[in-house]
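J.: Once you've had a glance at the structure underneath, I'll fire off some questions.
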Amino acid sequence: MANEPGEEVEGESEVAAGLVQGRAWEVVRLIGQGLGRNEIAKLTGVSTASVSRIAKRNGMTFDRTQTEKALKARISDLNLRQAGLAEALADRVAVAIAFADAATSYRDWAFAWKAISDATQAYRRMKPELTQDDTIEEGKSLIGDILAGIKVQSAMLNVYDDMYDRGELEGIPQAHIEYRKNNPRVSSND
């Protein structure tokens with residue numbers, strides 16, 4: 001005989017409560033890892049409203065900066081995929097041009113140039129455009145990378161200078177040895 005809705009079977013409510021509690025713990029764990037509300041909802045199968053209630057009940061909030069970082073990362077991923085599609089379209093344009101060049105009839109030539117036109121327009125629409133903010137961020141990142149590289153090189157040059165001063169020439173690049181011969185190190189203690 002089937003159970004009526006609301007009728008409890010021994011142990012059933014405990015199992016259901018365990019599943020709900022298990023999902024809640026999973027939600028809390030994912031919030032702690034910095035995931036956003038929508039991403040947690042997708043991963044756990046819990047509605048975004050429930051994710052918010054679980055967070056509130058456990059005294060947790062969603063870090064807006066983490067959400068913004070995740071959004072920027074997602075947009076960057078989408079731009080990369082879009083750029084890949086645009087590159088594939090550019091390849092198709094090249095193939096269509098080869099077909100146009102090899103066309104033996106006006107009809108084949110016309111079809112090839114129609115394909116070229118369509119693919120070129122799609123390429124222009126697909127090619128992601130960098131905003132000024134993107135360009136500024138890339139510039140900052142590049143400058144940071146260059147500065148880090150300069151610091152590493154400066155540290156290596158200091159190591160080579162110390163080795164040269166101690167007479168340990170093995171391991172020092174020949175160009176640095178020649179440089180030091182022509183440009184003696186000036187001590188700051190003088």
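By order of appearance in the structure tokens: chains A, B, ..., then residues from 1 within every chain, and ligands from 1 in the order shown.
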Find the spatial neighbours of Arg125 (chain A), counting only C-alpha atoms, within a cut-off of 12 Å - ignore same-chain residues fewer than 5 positions away - and output them as a VMD selection string.
T.: chain A and resid 82 to 83 85 to 87 89 to 90 118 to 120
J.: Leaving out Ala98 (chain A) and any residue of its chain fewer than 3 positions from it, which residues lie within 12 Å of it when counting only C-alpha atoms, given as a ChimeraX atom specification?
T.: /A:91-95,101-103,108-109,112-113,115-116
J.: Any chance you can output those residues with N, CA, C and O atoms as a PDB file, in the first residue's frame?
T.:
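Dumped to selection.pdb:
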ATOM      1  N   ASP A  91      40.089  31.296 -40.969  1.00  0.00           N
ATOM      2  CA  ASP A  91      40.599  30.146 -41.729  1.00  0.00           C
ATOM      3  C   ASP A  91      39.626  29.768 -42.843  1.00  0.00           C
ATOM      4  O   ASP A  91      40.037  29.438 -43.958  1.00  0.00           O
ATOM      5  N   ARG A  92      38.340  29.829 -42.549  1.00  0.00           N
ATOM      6  CA  ARG A  92      37.340  29.498 -43.567  1.00  0.00           C
ATOM      7  C   ARG A  92      37.352  30.508 -44.714  1.00  0.00           C
ATOM      8  O   ARG A  92      37.110  30.150 -45.866  1.00  0.00           O
ATOM      9  N   VAL A  93      37.620  31.760 -44.378  1.00  0.00           N
ATOM     10  CA  VAL A  93      37.728  32.778 -45.425  1.00  0.00           C
ATOM     11  C   VAL A  93      38.872  32.406 -46.366  1.00  0.00           C
ATOM     12  O   VAL A  93      38.743  32.475 -47.592  1.00  0.00           O
ATOM     13  N   ALA A  94      40.004  31.981 -45.798  1.00  0.00           N
ATOM     14  CA  ALA A  94      41.155  31.593 -46.620  1.00  0.00           C
ATOM     15  C   ALA A  94      40.799  30.408 -47.527  1.00  0.00           C
ATOM     16  O   ALA A  94      41.177  30.386 -48.710  1.00  0.00           O
ATOM     17  N   VAL A  95      40.055  29.443 -46.990  1.00  0.00           N
ATOM     18  CA  VAL A  95      39.648  28.288 -47.803  1.00  0.00           C
ATOM     19  C   VAL A  95      38.705  28.740 -48.916  1.00  0.00           C
ATOM     20  O   VAL A  95      38.829  28.314 -50.072  1.00  0.00           O
ATOM     21  N   ASP A 101      39.503  31.135 -56.255  1.00  0.00           N
ATOM     22  CA  ASP A 101      40.615  31.129 -57.215  1.00  0.00           C
ATOM     23  C   ASP A 101      40.560  29.917 -58.142  1.00  0.00           C
ATOM     24  O   ASP A 101      40.980  29.988 -59.292  1.00  0.00           O
ATOM     25  N   ALA A 102      40.055  28.800 -57.624  1.00  0.00           N
ATOM     26  CA  ALA A 102      40.018  27.562 -58.412  1.00  0.00           C
ATOM     27  C   ALA A 102      38.703  27.378 -59.167  1.00  0.00           C
ATOM     28  O   ALA A 102      38.533  26.379 -59.870  1.00  0.00           O
ATOM     29  N   ALA A 103      37.772  28.321 -59.018  1.00  0.00           N
ATOM     30  CA  ALA A 103      36.454  28.184 -59.649  1.00  0.00           C
ATOM     31  C   ALA A 103      36.586  28.098 -61.162  1.00  0.00           C
ATOM     32  O   ALA A 103      37.347  28.840 -61.785  1.00  0.00           O
ATOM     33  N   ASP A 108      30.287  28.838 -59.492  1.00  0.00           N
ATOM     34  CA  ASP A 108      31.191  28.443 -58.404  1.00  0.00           C
ATOM     35  C   ASP A 108      31.907  29.661 -57.828  1.00  0.00           C
ATOM     36  O   ASP A 108      32.068  29.790 -56.616  1.00  0.00           O
ATOM     37  N   TRP A 109      32.337  30.560 -58.698  1.00  0.00           N
ATOM     38  CA  TRP A 109      33.028  31.773 -58.259  1.00  0.00           C
ATOM     39  C   TRP A 109      32.100  32.633 -57.400  1.00  0.00           C
ATOM     40  O   TRP A 109      32.489  33.128 -56.336  1.00  0.00           O
ATOM     41  N   ALA A 112      31.557  31.062 -53.965  1.00  0.00           N
ATOM     42  CA  ALA A 112      32.756  31.222 -53.142  1.00  0.00           C
ATOM     43  C   ALA A 112      32.831  32.636 -52.575  1.00  0.00           C
ATOM     44  O   ALA A 112      33.104  32.829 -51.383  1.00  0.00           O
ATOM     45  N   TRP A 113      32.565  33.646 -53.423  1.00  0.00           N
ATOM     46  CA  TRP A 113      32.638  35.020 -52.928  1.00  0.00           C
ATOM     47  C   TRP A 113      31.508  35.355 -51.970  1.00  0.00           C
ATOM     48  O   TRP A 113      31.683  36.150 -51.053  1.00  0.00           O
ATOM     49  N   ALA A 115      30.352  33.144 -49.822  1.00  0.00           N
ATOM     50  CA  ALA A 115      30.865  32.524 -48.591  1.00  0.00           C
ATOM     51  C   ALA A 115      31.935  33.410 -47.954  1.00  0.00           C
ATOM     52  O   ALA A 115      31.971  33.583 -46.735  1.00  0.00           O
ATOM     53  N   ILE A 116      32.790  33.991 -48.790  1.00  0.00           N
ATOM     54  CA  ILE A 116      33.832  34.894 -48.274  1.00  0.00           C
ATOM     55  C   ILE A 116      33.198  36.094 -47.591  1.00  0.00           C
ATOM     56  O   ILE A 116      33.584  36.484 -46.487  1.00  0.00           O
TER      57      ILE A 116
END
J.: Can you work out the spacing between CA of Thr61 (chain A) and CA of Ala41 (chain A) in Å, to one decimal?
T.: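 Going from CA of Thr61 (chain A) over to CA of Ala41 (chain A), I get 14.9 Å.
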J.: Name all residues at most 9 Å from Asn38 (chain A) (count only C-alpha atoms; drop same-chain ones fewer than 5 positions away) and give them as a ChimeraX atom specification.
T.: /A:43,47-48,51
J.: Record the distance separating CA of Asn183 (chain A) and CA of Gly171 (chain A), expressed in Å with one decimal.
T.: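 Rounded to one decimal, the two atoms are 19.2 Å apart.
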J.: What is the distance, in Å and to one decimal place, between CA of Arg74 (chain A) and CA of Arg124 (chain A)?
T.: 21.8 Å
J.: Per DSSP on the backbone, filter region 149-181 of chain A down to the residues in alpha helix (DSSP H) and report them as a list in words.
T.: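 Matching residues for alpha helix (DSSP H) in region 149-181 of chain A are Gly149, Ile150, Lys151, Val152, Gln153, Ser154, Ala155, Met156, Leu157, Asn158, Val159, Tyr160, Asp161, Asp162, Met163, Tyr164, Asp165, Arg166, Gln174, Ala175, His176, Ile177, Glu178, Tyr179, Arg180 and Lys181 of chain A.
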J.: A:Trp25, A:Met126, A:Gly139, A:Ala96: which is nearest Leu80 (chain A), counting only C-alpha atoms?
T.: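 Using only C-alpha atoms, the shortest distance to Leu80 (chain A) belongs to A:Met126.
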J.: Can you pull out every residue within 12 Å of Phe62 (chain A), counting only C-alpha atoms, but drop anything in the same chain fewer than 4 positions away, and send it as a list in words?
T.: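 Close residues of Phe62 (chain A): Val27, Val28, Leu30, Ile31, Gly32, Gln33, Gly34, Leu35, Gly36, Arg37, Asn38, Glu39, Ile40, Val51, Ser52, Arg53, Ile54, Ala55, Lys56, Asn58, Gln66, Thr67 and Glu68 of chain A.
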